[in-house]
$ cat run-v9.pdb   # PDB, C-alpha atoms and all ligand atoms
ATOM      1  CA  MET A   5      61.302   6.062 -17.467  1.00  0.00           C
ATOM      2  CA  GLU A   6      59.530   7.411 -20.460  1.00  0.00           C
ATOM      3  CA  TYR A   7      59.242  11.185 -20.677  1.00  0.00           C
ATOM      4  CA  ASN A   8      55.446  11.158 -20.634  1.00  0.00           C
ATOM      5  CA  ASN A   9      55.120   8.705 -17.730  1.00  0.00           C
ATOM      6  CA  PHE A  10      57.473  10.793 -15.643  1.00  0.00           C
ATOM      7  CA  PHE A  11      55.313  13.882 -16.039  1.00  0.00           C
ATOM      8  CA  VAL A  12      52.047  11.995 -15.466  1.00  0.00           C
ATOM      9  CA  ILE A  13      53.443  10.863 -12.101  1.00  0.00           C
ATOM     10  CA  ALA A  14      54.836  14.337 -11.347  1.00  0.00           C
ATOM     11  CA  PHE A  15      51.403  15.862 -12.033  1.00  0.00           C
ATOM     12  CA  PHE A  16      49.753  13.211  -9.871  1.00  0.00           C
ATOM     13  CA  ILE A  17      51.960  14.252  -6.940  1.00  0.00           C
ATOM     14  CA  LEU A  18      51.374  17.942  -7.673  1.00  0.00           C
ATOM     15  CA  GLY A  19      47.623  17.229  -7.723  1.00  0.00           C
ATOM     16  CA  ALA A  20      47.758  15.357  -4.411  1.00  0.00           C
ATOM     17  CA  VAL A  21      49.519  18.309  -2.774  1.00  0.00           C
ATOM     18  CA  ALA A  22      47.030  20.722  -4.372  1.00  0.00           C
ATOM     19  CA  GLY A  23      44.153  18.506  -3.159  1.00  0.00           C
ATOM     20  CA  SER A  24      45.444  18.646   0.395  1.00  0.00           C
ATOM     21  CA  PHE A  25      45.651  22.448   0.190  1.00  0.00           C
ATOM     22  CA  LEU A  26      42.223  22.829  -1.464  1.00  0.00           C
ATOM     23  CA  ASN A  27      40.632  20.595   1.165  1.00  0.00           C
ATOM     24  CA  THR A  28      41.974  22.934   3.842  1.00  0.00           C
ATOM     25  CA  VAL A  29      40.765  25.989   1.928  1.00  0.00           C
ATOM     26  CA  ALA A  30      37.295  24.444   1.600  1.00  0.00           C
ATOM     27  CA  LEU A  31      37.207  23.672   5.329  1.00  0.00           C
ATOM     28  CA  ARG A  32      38.325  27.165   6.335  1.00  0.00           C
ATOM     29  CA  LEU A  33      36.614  29.513   3.865  1.00  0.00           C
ATOM     30  CA  PRO A  34      33.067  29.091   5.268  1.00  0.00           C
ATOM     31  CA  LYS A  35      34.355  29.565   8.813  1.00  0.00           C
ATOM     32  CA  LYS A  36      36.215  32.745   7.904  1.00  0.00           C
ATOM     33  CA  ILE A  37      39.512  31.391   9.259  1.00  0.00           C
ATOM     34  CA  SER A  38      42.487  32.807   7.403  1.00  0.00           C
ATOM     35  CA  TRP A  39      43.325  30.089   4.934  1.00  0.00           C
ATOM     36  CA  ILE A  40      46.999  30.847   4.386  1.00  0.00           C
ATOM     37  CA  GLN A  41      48.483  31.991   7.678  1.00  0.00           C
ATOM     38  CA  ALA A  42      47.171  29.551  10.258  1.00  0.00           C
ATOM     39  CA  ARG A  43      48.931  26.182  10.356  1.00  0.00           C
ATOM     40  CA  SER A  44      46.795  23.074  10.016  1.00  0.00           C
ATOM     41  CA  ARG A  45      45.570  21.575  13.266  1.00  0.00           C
ATOM     42  CA  CYS A  46      44.027  18.310  14.385  1.00  0.00           C
ATOM     43  CA  PRO A  47      40.258  19.021  14.466  1.00  0.00           C
ATOM     44  CA  HIS A  48      39.924  17.000  17.705  1.00  0.00           C
ATOM     45  CA  CYS A  49      42.804  18.054  19.960  1.00  0.00           C
ATOM     46  CA  GLU A  50      43.915  21.269  18.163  1.00  0.00           C
ATOM     47  CA  LYS A  51      47.517  20.052  17.935  1.00  0.00           C
ATOM     48  CA  THR A  52      49.402  22.085  15.315  1.00  0.00           C
ATOM     49  CA  LEU A  53      50.561  19.684  12.623  1.00  0.00           C
ATOM     50  CA  ALA A  54      54.210  19.453  11.596  1.00  0.00           C
ATOM     51  CA  TRP A  55      55.207  19.327   7.932  1.00  0.00           C
ATOM     52  CA  TYR A  56      55.763  15.556   8.104  1.00  0.00           C
ATOM     53  CA  GLU A  57      52.176  15.084   9.257  1.00  0.00           C
ATOM     54  CA  LEU A  58      50.891  16.924   6.175  1.00  0.00           C
ATOM     55  CA  ILE A  59      52.370  14.829   3.365  1.00  0.00           C
ATOM     56  CA  PRO A  60      49.514  13.577   1.147  1.00  0.00           C
ATOM     57  CA  PHE A  61      48.709   9.826   1.680  1.00  0.00           C
ATOM     58  CA  VAL A  62      52.125   9.153   3.209  1.00  0.00           C
ATOM     59  CA  SER A  63      51.323  10.769   6.561  1.00  0.00           C
ATOM     60  CA  PHE A  64      47.876   9.167   6.618  1.00  0.00           C
ATOM     61  CA  VAL A  65      49.289   5.698   5.978  1.00  0.00           C
ATOM     62  CA  LEU A  66      52.267   6.059   8.355  1.00  0.00           C
ATOM     63  CA  GLN A  67      49.989   7.313  11.147  1.00  0.00           C
ATOM     64  CA  GLN A  68      47.433   4.586  10.314  1.00  0.00           C
ATOM     65  CA  GLY A  69      44.747   7.221   9.901  1.00  0.00           C
ATOM     66  CA  LYS A  70      45.118   8.564  13.442  1.00  0.00           C
ATOM     67  CA  CYS A  71      46.298  11.823  15.032  1.00  0.00           C
ATOM     68  CA  ARG A  72      49.768  11.338  16.536  1.00  0.00           C
ATOM     69  CA  LYS A  73      48.821  13.134  19.726  1.00  0.00           C
ATOM     70  CA  CYS A  74      45.228  12.228  20.588  1.00  0.00           C
ATOM     71  CA  GLN A  75      45.023   8.996  18.519  1.00  0.00           C
ATOM     72  CA  ARG A  76      41.586   9.910  17.199  1.00  0.00           C
ATOM     73  CA  ARG A  77      40.658   9.034  13.609  1.00  0.00           C
ATOM     74  CA  ILE A  78      41.547  11.433  10.805  1.00  0.00           C
ATOM     75  CA  SER A  79      38.673  11.875   8.355  1.00  0.00           C
ATOM     76  CA  LEU A  80      38.952   9.739   5.216  1.00  0.00           C
ATOM     77  CA  SER A  81      38.063  12.880   3.275  1.00  0.00           C
ATOM     78  CA  TYR A  82      41.750  13.916   3.429  1.00  0.00           C
ATOM     79  CA  PRO A  83      43.302  10.997   1.528  1.00  0.00           C
ATOM     80  CA  PHE A  84      40.194  10.911  -0.677  1.00  0.00           C
ATOM     81  CA  THR A  85      40.518  14.524  -1.866  1.00  0.00           C
ATOM     82  CA  GLU A  86      44.265  14.075  -2.346  1.00  0.00           C
ATOM     83  CA  LEU A  87      43.734  10.974  -4.456  1.00  0.00           C
ATOM     84  CA  VAL A  88      40.985  12.538  -6.583  1.00  0.00           C
ATOM     85  CA  CYS A  89      42.993  15.714  -7.218  1.00  0.00           C
ATOM     86  CA  GLY A  90      46.079  13.657  -8.035  1.00  0.00           C
ATOM     87  CA  ILE A  91      44.128  11.667 -10.631  1.00  0.00           C
ATOM     88  CA  LEU A  92      42.575  14.842 -12.084  1.00  0.00           C
ATOM     89  CA  PHE A  93      45.906  16.640 -12.444  1.00  0.00           C
ATOM     90  CA  ALA A  94      47.581  13.569 -13.972  1.00  0.00           C
ATOM     91  CA  GLY A  95      44.581  13.138 -16.296  1.00  0.00           C
ATOM     92  CA  ALA A  96      44.761  16.782 -17.341  1.00  0.00           C
ATOM     93  CA  PHE A  97      48.447  16.482 -18.211  1.00  0.00           C
ATOM     94  CA  PHE A  98      47.819  13.242 -20.084  1.00  0.00           C
ATOM     95  CA  TYR A  99      45.101  14.952 -22.095  1.00  0.00           C
ATOM     96  CA  PHE A 100      46.482  18.472 -22.658  1.00  0.00           C
ATOM     97  CA  GLN A 101      50.262  17.953 -22.353  1.00  0.00           C
ATOM     98  CA  PHE A 102      52.225  21.209 -21.938  1.00  0.00           C
ATOM     99  CA  THR A 103      49.744  23.640 -23.467  1.00  0.00           C
ATOM    100  CA  PRO A 104      48.061  26.827 -22.220  1.00  0.00           C
ATOM    101  CA  GLU A 105      44.874  24.704 -21.983  1.00  0.00           C
ATOM    102  CA  LEU A 106      46.567  22.638 -19.263  1.00  0.00           C
ATOM    103  CA  ILE A 107      47.043  25.701 -17.030  1.00  0.00           C
ATOM    104  CA  PHE A 108      43.443  26.742 -17.644  1.00  0.00           C
ATOM    105  CA  ALA A 109      42.214  23.228 -16.752  1.00  0.00           C
ATOM    106  CA  LEU A 110      44.214  23.040 -13.517  1.00  0.00           C
ATOM    107  CA  VAL A 111      43.112  26.492 -12.329  1.00  0.00           C
ATOM    108  CA  MET A 112      39.443  25.729 -13.034  1.00  0.00           C
ATOM    109  CA  PHE A 113      39.744  22.299 -11.361  1.00  0.00           C
ATOM    110  CA  ALA A 114      40.889  24.093  -8.216  1.00  0.00           C
ATOM    111  CA  PHE A 115      37.862  26.411  -8.182  1.00  0.00           C
ATOM    112  CA  PHE A 116      35.327  23.676  -8.986  1.00  0.00           C
ATOM    113  CA  PHE A 117      36.892  21.356  -6.454  1.00  0.00           C
ATOM    114  CA  VAL A 118      36.490  23.899  -3.644  1.00  0.00           C
ATOM    115  CA  ILE A 119      32.842  24.487  -4.672  1.00  0.00           C
ATOM    116  CA  PHE A 120      32.323  20.700  -4.761  1.00  0.00           C
ATOM    117  CA  LEU A 121      33.577  20.393  -1.174  1.00  0.00           C
ATOM    118  CA  THR A 122      31.910  23.453   0.400  1.00  0.00           C
ATOM    119  CA  ASP A 123      28.505  22.558  -1.048  1.00  0.00           C
ATOM    120  CA  LEU A 124      28.889  18.911  -0.004  1.00  0.00           C
ATOM    121  CA  ARG A 125      29.958  19.767   3.558  1.00  0.00           C
ATOM    122  CA  TYR A 126      28.143  22.998   4.347  1.00  0.00           C
ATOM    123  CA  TYR A 127      25.544  23.412   1.564  1.00  0.00           C
ATOM    124  CA  LEU A 128      27.379  26.597   0.608  1.00  0.00           C
ATOM    125  CA  ILE A 129      28.391  27.964  -2.776  1.00  0.00           C
ATOM    126  CA  LEU A 130      30.498  30.959  -1.827  1.00  0.00           C
ATOM    127  CA  ASP A 131      30.612  34.133  -3.940  1.00  0.00           C
ATOM    128  CA  ARG A 132      34.217  34.527  -2.816  1.00  0.00           C
ATOM    129  CA  VAL A 133      34.907  31.455  -4.944  1.00  0.00           C
ATOM    130  CA  THR A 134      32.426  31.682  -7.834  1.00  0.00           C
ATOM    131  CA  VAL A 135      32.887  35.371  -8.683  1.00  0.00           C
ATOM    132  CA  PRO A 136      36.695  35.345  -9.117  1.00  0.00           C
ATOM    133  CA  ALA A 137      36.404  31.966 -10.854  1.00  0.00           C
ATOM    134  CA  LEU A 138      33.875  33.416 -13.301  1.00  0.00           C
ATOM    135  CA  LEU A 139      36.164  36.330 -14.196  1.00  0.00           C
ATOM    136  CA  ILE A 140      39.240  34.110 -14.558  1.00  0.00           C
ATOM    137  CA  ALA A 141      37.340  31.551 -16.667  1.00  0.00           C
ATOM    138  CA  PHE A 142      36.022  34.226 -19.013  1.00  0.00           C
ATOM    139  CA  LEU A 143      39.360  36.039 -19.427  1.00  0.00           C
ATOM    140  CA  GLY A 144      41.274  32.747 -19.686  1.00  0.00           C
ATOM    141  CA  ASN A 145      38.967  31.496 -22.431  1.00  0.00           C
ATOM    142  CA  LEU A 146      39.347  34.783 -24.325  1.00  0.00           C
ATOM    143  CA  LEU A 147      43.147  34.396 -24.145  1.00  0.00           C
ATOM    144  CA  LEU A 148      42.800  30.801 -25.388  1.00  0.00           C
ATOM    145  CA  GLY A 149      40.844  32.109 -28.362  1.00  0.00           C
ATOM    146  CA  LYS A 150      37.453  30.577 -27.499  1.00  0.00           C
ATOM    147  CA  ASN A 151      34.379  31.969 -29.190  1.00  0.00           C
ATOM    148  CA  VAL A 152      32.999  34.931 -27.199  1.00  0.00           C
ATOM    149  CA  THR A 153      29.419  34.381 -28.359  1.00  0.00           C
ATOM    150  CA  SER A 154      29.570  30.766 -27.168  1.00  0.00           C
ATOM    151  CA  LEU A 155      30.824  31.887 -23.748  1.00  0.00           C
ATOM    152  CA  LEU A 156      28.161  34.595 -23.363  1.00  0.00           C
ATOM    153  CA  LEU A 157      25.464  32.185 -24.510  1.00  0.00           C
ATOM    154  CA  GLY A 158      26.829  29.621 -22.023  1.00  0.00           C
ATOM    155  CA  ILE A 159      26.594  32.166 -19.197  1.00  0.00           C
ATOM    156  CA  ALA A 160      23.035  33.051 -20.246  1.00  0.00           C
ATOM    157  CA  ILE A 161      21.980  29.373 -20.332  1.00  0.00           C
ATOM    158  CA  GLY A 162      23.798  28.395 -17.124  1.00  0.00           C
ATOM    159  CA  ALA A 163      22.527  31.348 -15.113  1.00  0.00           C
ATOM    160  CA  GLY A 164      19.146  31.408 -16.887  1.00  0.00           C
ATOM    161  CA  ILE A 165      18.089  27.877 -15.963  1.00  0.00           C
ATOM    162  CA  PHE A 166      18.609  28.602 -12.255  1.00  0.00           C
ATOM    163  CA  LEU A 167      17.179  32.104 -12.473  1.00  0.00           C
ATOM    164  CA  LEU A 168      14.029  30.571 -13.942  1.00  0.00           C
ATOM    165  CA  GLN A 169      13.761  28.046 -11.100  1.00  0.00           C
ATOM    166  CA  PHE A 170      14.478  30.814  -8.631  1.00  0.00           C
ATOM    167  CA  PHE A 171      11.506  32.839  -9.852  1.00  0.00           C
ATOM    168  CA  LEU A 172       9.208  29.827 -10.295  1.00  0.00           C
ATOM    169  CA  SER A 173       9.856  28.722  -6.714  1.00  0.00           C
ATOM    170  CA  ARG A 174      10.074  32.268  -5.324  1.00  0.00           C
ATOM    171  CA  GLY A 175      13.570  31.516  -4.066  1.00  0.00           C
ATOM    172  CA  THR A 176      12.684  28.338  -2.145  1.00  0.00           C
ATOM    173  CA  TRP A 177      14.313  25.699  -4.396  1.00  0.00           C
ATOM    174  CA  ILE A 178      17.639  27.310  -4.983  1.00  0.00           C
ATOM    175  CA  GLY A 179      19.702  30.275  -3.885  1.00  0.00           C
ATOM    176  CA  GLY A 180      21.754  32.931  -5.623  1.00  0.00           C
ATOM    177  CA  GLY A 181      24.841  30.718  -5.321  1.00  0.00           C
ATOM    178  CA  ASP A 182      23.419  28.256  -7.857  1.00  0.00           C
ATOM    179  CA  ILE A 183      22.754  31.063 -10.351  1.00  0.00           C
ATOM    180  CA  ARG A 184      26.346  32.270 -10.129  1.00  0.00           C
ATOM    181  CA  LEU A 185      27.663  28.703 -10.371  1.00  0.00           C
ATOM    182  CA  GLY A 186      25.551  28.241 -13.522  1.00  0.00           C
ATOM    183  CA  ALA A 187      27.122  31.386 -14.985  1.00  0.00           C
ATOM    184  CA  LEU A 188      30.569  30.070 -14.043  1.00  0.00           C
ATOM    185  CA  LEU A 189      29.887  26.823 -15.927  1.00  0.00           C
ATOM    186  CA  GLY A 190      28.922  28.847 -18.996  1.00  0.00           C
ATOM    187  CA  ALA A 191      32.042  31.016 -18.851  1.00  0.00           C
ATOM    188  CA  THR A 192      34.230  27.926 -18.437  1.00  0.00           C
ATOM    189  CA  LEU A 193      32.646  25.613 -20.980  1.00  0.00           C
ATOM    190  CA  GLY A 194      30.802  27.582 -23.655  1.00  0.00           C
ATOM    191  CA  TRP A 195      27.151  26.910 -24.492  1.00  0.00           C
ATOM    192  CA  GLN A 196      27.213  23.343 -25.858  1.00  0.00           C
ATOM    193  CA  GLN A 197      29.203  21.823 -23.028  1.00  0.00           C
ATOM    194  CA  THR A 198      27.233  23.848 -20.481  1.00  0.00           C
ATOM    195  CA  ILE A 199      24.038  22.134 -21.639  1.00  0.00           C
ATOM    196  CA  LEU A 200      25.791  18.751 -21.426  1.00  0.00           C
ATOM    197  CA  ALA A 201      27.142  19.548 -17.953  1.00  0.00           C
ATOM    198  CA  LEU A 202      23.663  20.562 -16.742  1.00  0.00           C
ATOM    199  CA  LEU A 203      22.093  17.391 -18.181  1.00  0.00           C
ATOM    200  CA  ILE A 204      24.697  15.145 -16.561  1.00  0.00           C
ATOM    201  CA  ALA A 205      24.395  16.938 -13.218  1.00  0.00           C
ATOM    202  CA  TYR A 206      20.570  16.656 -13.239  1.00  0.00           C
ATOM    203  CA  VAL A 207      20.573  12.967 -14.205  1.00  0.00           C
ATOM    204  CA  VAL A 208      23.326  11.921 -11.777  1.00  0.00           C
ATOM    205  CA  GLY A 209      21.886  14.156  -9.030  1.00  0.00           C
ATOM    206  CA  ALA A 210      18.405  12.665  -9.472  1.00  0.00           C
ATOM    207  CA  VAL A 211      19.703   9.073  -9.444  1.00  0.00           C
ATOM    208  CA  ILE A 212      21.787   9.630  -6.310  1.00  0.00           C
ATOM    209  CA  ALA A 213      18.949  11.507  -4.573  1.00  0.00           C
ATOM    210  CA  MET A 214      16.614   8.583  -5.288  1.00  0.00           C
ATOM    211  CA  LEU A 215      19.157   6.055  -4.039  1.00  0.00           C
ATOM    212  CA  LEU A 216      19.580   8.053  -0.819  1.00  0.00           C
ATOM    213  CA  LEU A 217      15.787   8.159  -0.389  1.00  0.00           C
ATOM    214  CA  VAL A 218      15.501   4.413  -0.975  1.00  0.00           C
ATOM    215  CA  VAL A 219      18.203   3.479   1.526  1.00  0.00           C
ATOM    216  CA  GLY A 220      16.707   5.979   3.968  1.00  0.00           C
ATOM    217  CA  LYS A 221      19.814   8.152   4.322  1.00  0.00           C
ATOM    218  CA  LYS A 222      17.806  11.210   3.322  1.00  0.00           C
ATOM    219  CA  THR A 223      14.165  12.211   3.479  1.00  0.00           C
ATOM    220  CA  ARG A 224      12.304  14.269   0.906  1.00  0.00           C
ATOM    221  CA  LYS A 225      12.767  17.354   3.047  1.00  0.00           C
ATOM    222  CA  ASP A 226      16.553  17.074   3.007  1.00  0.00           C
ATOM    223  CA  HIS A 227      18.590  19.368   0.858  1.00  0.00           C
ATOM    224  CA  ILE A 228      20.598  17.778  -1.934  1.00  0.00           C
ATOM    225  CA  PRO A 229      23.824  19.722  -2.579  1.00  0.00           C
ATOM    226  CA  PHE A 230      23.259  20.274  -6.290  1.00  0.00           C
ATOM    227  CA  GLY A 231      26.359  22.493  -6.583  1.00  0.00           C
ATOM    228  CA  THR A 232      28.397  19.377  -5.824  1.00  0.00           C
ATOM    229  CA  PHE A 233      26.997  17.607  -8.884  1.00  0.00           C
ATOM    230  CA  LEU A 234      27.330  20.728 -11.034  1.00  0.00           C
ATOM    231  CA  SER A 235      30.982  21.247 -10.168  1.00  0.00           C
ATOM    232  CA  ALA A 236      31.790  17.554 -10.647  1.00  0.00           C
ATOM    233  CA  SER A 237      30.205  17.572 -14.088  1.00  0.00           C
ATOM    234  CA  GLY A 238      32.011  20.862 -14.847  1.00  0.00           C
ATOM    235  CA  ILE A 239      35.323  19.146 -14.069  1.00  0.00           C
ATOM    236  CA  LEU A 240      34.334  16.186 -16.255  1.00  0.00           C
ATOM    237  CA  MET A 241      33.515  18.561 -19.121  1.00  0.00           C
ATOM    238  CA  ILE A 242      36.848  20.401 -18.853  1.00  0.00           C
ATOM    239  CA  LEU A 243      38.577  17.062 -19.400  1.00  0.00           C
ATOM    240  CA  TYR A 244      36.239  15.243 -21.765  1.00  0.00           C
ATOM    241  CA  GLY A 245      33.799  17.864 -23.080  1.00  0.00           C
ATOM    242  CA  ASP A 246      35.463  18.144 -26.476  1.00  0.00           C
ATOM    243  CA  SER A 247      35.610  14.362 -26.918  1.00  0.00           C
ATOM    244  CA  ILE A 248      31.962  13.921 -25.905  1.00  0.00           C
ATOM    245  CA  LEU A 249      30.857  16.686 -28.281  1.00  0.00           C
ATOM    246  CA  LYS A 250      32.804  15.073 -31.124  1.00  0.00           C
ATOM    247  CA  ILE A 251      30.929  11.817 -30.572  1.00  0.00           C
ATOM    248  CA  PHE A 252      27.624  13.697 -30.608  1.00  0.00           C
ATOM    249  CA  ASN A 253      28.590  15.535 -33.782  1.00  0.00           C
ATOM    250  CA  THR A 254      29.490  12.374 -35.665  1.00  0.00           C
ATOM    251  CA  TRP A 255      26.237  10.709 -34.607  1.00  0.00           C
ATOM    252  CA  TYR A 256      23.707  13.418 -35.161  1.00  0.00           C
ATOM    253  CA  PHE A 257      25.025  16.234 -37.278  1.00  0.00           C
TER
HETATM  254 ZN    ZN A 301      44.540  15.117  17.659  1.00  0.00          ZN
END
$ encode --input "run-v9.pdb" --output "structure tokens" --more "lines below"
Ligand SMILES: [Zn+2]
Amino acid sequence: MEYNNFFVIAFFILGAVAGSFLNTVALRLPKKISWIQARSRCPHCEKTLAWYELIPFVSFVLQQGKCRKCQRRISLSYPFTELVCGILFAGAFFYFQFTPELIFALVMFAFFFVIFLTDLRYYLILDRVTVPALLIAFLGNLLLGKNVTSLLLGIAIGAGIFLLQFFLSRGTWIGGGDIRLGALLGATLGWQQTILALLIAYVVGAVIAMLLLVVGKKTRKDHIPFGTFLSASGILMILYGDSILKIFNTWYF
């Protein structure tokens, strides 16, 4: 097998394992269950799961998507998060190879992925996730030699746009979590990609919200987990932000 293919597959497996872990973290953090010590359990019958029931995909397929004890369905979100994280990790290796940027990308994926899941499931953007992520993103980017002004401007834009909405709506549209997530985007991406990430999140979020209204899954009073769109577009920017900006630069500047 070619050297590169071997590592793409290795990173896919690493990502699937990471996805399984991050899914558990995202399920436990909002409930204040210790996320390292307690063993994983079946959410229906509370059976403690053995190691062979926790292998990404493999366990799900072998058990035909059911708990071995109570036979009730295991949520599809497990294989889904494992697959997505596997693809992201493999993609990151494909793109960055063995560089310091690869480590930065994988660490930030982990943070954004947890935010993606907690906002989607519980409408929560936890400070316990965004605040350490913000510090690590900023310090990591400094170590990678990114432009400090661009990072600070990114934080100002990312936090500013939500701060503005917060004041305009007197705190009814969005919460403090969105403001800190905006700052995190800025510290991760710098100012140009932060603007792109915000634009993509608003457009995709609006389209999906409209689709959900049309099919009647949501009403206008329902909350749309905007942090989910923001973190997804943050992940997209970590991978493709530079390429997208290059296209923009050749077209317009
Ligand atoms: Zn069970």
$ residues_near_ligand --input "run-v9.pdb" --ligand "ligand ZN 301 (chain A)" --cutoff "9 Å" --atoms "all atoms listed in the file" --output "JSON, numbers by chain"
{"A": [45, 46, 47, 48, 49, 50, 51, 52, 70, 71, 72, 73, 74, 75, 76, 77, 78]}
$ axis_aligned_box --input "run-v9.pdb" --around "segment 104-110 of chain A" --padding-each-side "8 Å" --output "AutoDock Vina command-line options"
--center_x 45.1 --center_y 24.7 --center_z -17.9 --size_x 21.8 --size_y 20.2 --size_z 24.7
$ closest_residue --input "run-v9.pdb" --among "A:Gly95, A:Gly149, A:Gly190, A:Gly181" --to "Phe230 of chain A" --atoms "all atoms listed in the file"
A:Gly181
$ closest_residue --input "run-v9.pdb" --among "A:Leu66, A:Leu31, A:Ala94, A:Leu130" --to "Phe15 of chain A" --atoms "all atoms listed in the file"
A:Ala94
$ resolve_selection --input "run-v9.pdb" --expression "the PyMOL selection byres (((chain A and resi 150-152) around 12) and not hetatm)" --output "list in words"
Glu105, Ala141, Phe142, Leu143, Gly144, Asn145, Leu146, Leu147, Leu148, Gly149, Thr153, Ser154, Leu155, Leu156, Leu157, Gly158, Ile159, Gly190, Ala191, Thr192, Leu193, Gly194, Trp195 and Gln196 of chain A
$ atom_distance --input "run-v9.pdb" --atom1 "atom CA of Ser44 of chain A" --atom2 "atom CA of Phe108 of chain A"
28.1 Å
$ residues_around --input "run-v9.pdb" --residues "Gly179 of chain A" --least-positions-apart "4" --cutoff "12 Å" --atoms "all atoms listed in the file" --output "ChimeraX atom specification"
/A:127-131,163,166-171,173-175,183-186,227,229-231
$ write_last_selection --input "run-v9.pdb" --atoms "C-alpha atoms" --output "PDB file, in the coordinates of the input"
ATOM      1  CA  TYR A 127      25.544  23.412   1.564  1.00  0.00           C
ATOM      2  CA  LEU A 128      27.379  26.597   0.608  1.00  0.00           C
ATOM      3  CA  ILE A 129      28.391  27.964  -2.776  1.00  0.00           C
ATOM      4  CA  LEU A 130      30.498  30.959  -1.827  1.00  0.00           C
ATOM      5  CA  ASP A 131      30.612  34.133  -3.940  1.00  0.00           C
ATOM      6  CA  ALA A 163      22.527  31.348 -15.113  1.00  0.00           C
ATOM      7  CA  PHE A 166      18.609  28.602 -12.255  1.00  0.00           C
ATOM      8  CA  LEU A 167      17.179  32.104 -12.473  1.00  0.00           C
ATOM      9  CA  LEU A 168      14.029  30.571 -13.942  1.00  0.00           C
ATOM     10  CA  GLN A 169      13.761  28.046 -11.100  1.00  0.00           C
ATOM     11  CA  PHE A 170      14.478  30.814  -8.631  1.00  0.00           C
ATOM     12  CA  PHE A 171      11.506  32.839  -9.852  1.00  0.00           C
ATOM     13  CA  SER A 173       9.856  28.722  -6.714  1.00  0.00           C
ATOM     14  CA  ARG A 174      10.074  32.268  -5.324  1.00  0.00           C
ATOM     15  CA  GLY A 175      13.570  31.516  -4.066  1.00  0.00           C
ATOM     16  CA  ILE A 183      22.754  31.063 -10.351  1.00  0.00           C
ATOM     17  CA  ARG A 184      26.346  32.270 -10.129  1.00  0.00           C
ATOM     18  CA  LEU A 185      27.663  28.703 -10.371  1.00  0.00           C
ATOM     19  CA  GLY A 186      25.551  28.241 -13.522  1.00  0.00           C
ATOM     20  CA  HIS A 227      18.590  19.368   0.858  1.00  0.00           C
ATOM     21  CA  PRO A 229      23.824  19.722  -2.579  1.00  0.00           C
ATOM     22  CA  PHE A 230      23.259  20.274  -6.290  1.00  0.00           C
ATOM     23  CA  GLY A 231      26.359  22.493  -6.583  1.00  0.00           C
TER      24      GLY A 231
END
$ atom_distance --input "run-v9.pdb" --atom1 "atom CA of Gly209 of chain A" --atom2 "atom CA of Phe115 of chain A"
20.2 Å
$ closest_residue --input "run-v9.pdb" --among "A:Ile251, A:Ala114, A:Leu217, A:Ile178" --to "Ser235 of chain A" --atoms "only C-alpha atoms"
A:Ala114
$ atom_distance --input "run-v9.pdb" --atom1 "atom CA of Asp123 of chain A" --atom2 "atom CA of Gly23 of chain A"
16.3 Å
$ build_atoms --input "run-v9.pdb" --residues "segment 149-160 of chain A" --atoms "N, CA and C atoms" --output "compact mmCIF listing (two decimals), in the coordinates of the input"
# COMPACT_ATOMS: atom_id res chain seq x y z
N GLY A 149 41.45 31.96 -27.04
CA GLY A 149 40.84 32.11 -28.36
C GLY A 149 39.49 31.44 -28.53
N LYS A 150 38.80 31.16 -27.39
CA LYS A 150 37.45 30.58 -27.50
C LYS A 150 36.47 31.62 -28.05
N ASN A 151 35.41 31.13 -28.59
CA ASN A 151 34.38 31.97 -29.19
C ASN A 151 33.61 32.75 -28.11
N VAL A 152 33.64 34.09 -28.22
CA VAL A 152 33.00 34.93 -27.20
C VAL A 152 31.49 34.71 -27.15
N THR A 153 30.87 34.58 -28.32
CA THR A 153 29.42 34.38 -28.36
C THR A 153 29.04 33.10 -27.62
N SER A 154 29.85 32.04 -27.83
CA SER A 154 29.57 30.77 -27.17
C SER A 154 29.67 30.92 -25.65
N LEU A 155 30.66 31.68 -25.19
CA LEU A 155 30.82 31.89 -23.75
C LEU A 155 29.65 32.68 -23.17
N LEU A 156 29.26 33.77 -23.86
CA LEU A 156 28.16 34.60 -23.36
C LEU A 156 26.85 33.81 -23.36
N LEU A 157 26.66 33.02 -24.43
CA LEU A 157 25.46 32.18 -24.51
C LEU A 157 25.49 31.14 -23.39
N GLY A 158 26.66 30.58 -23.11
CA GLY A 158 26.83 29.62 -22.02
C GLY A 158 26.45 30.23 -20.69
N ILE A 159 26.91 31.47 -20.45
CA ILE A 159 26.59 32.17 -19.20
C ILE A 159 25.08 32.38 -19.10
N ALA A 160 24.48 32.80 -20.24
CA ALA A 160 23.04 33.05 -20.25
C ALA A 160 22.25 31.77 -19.95
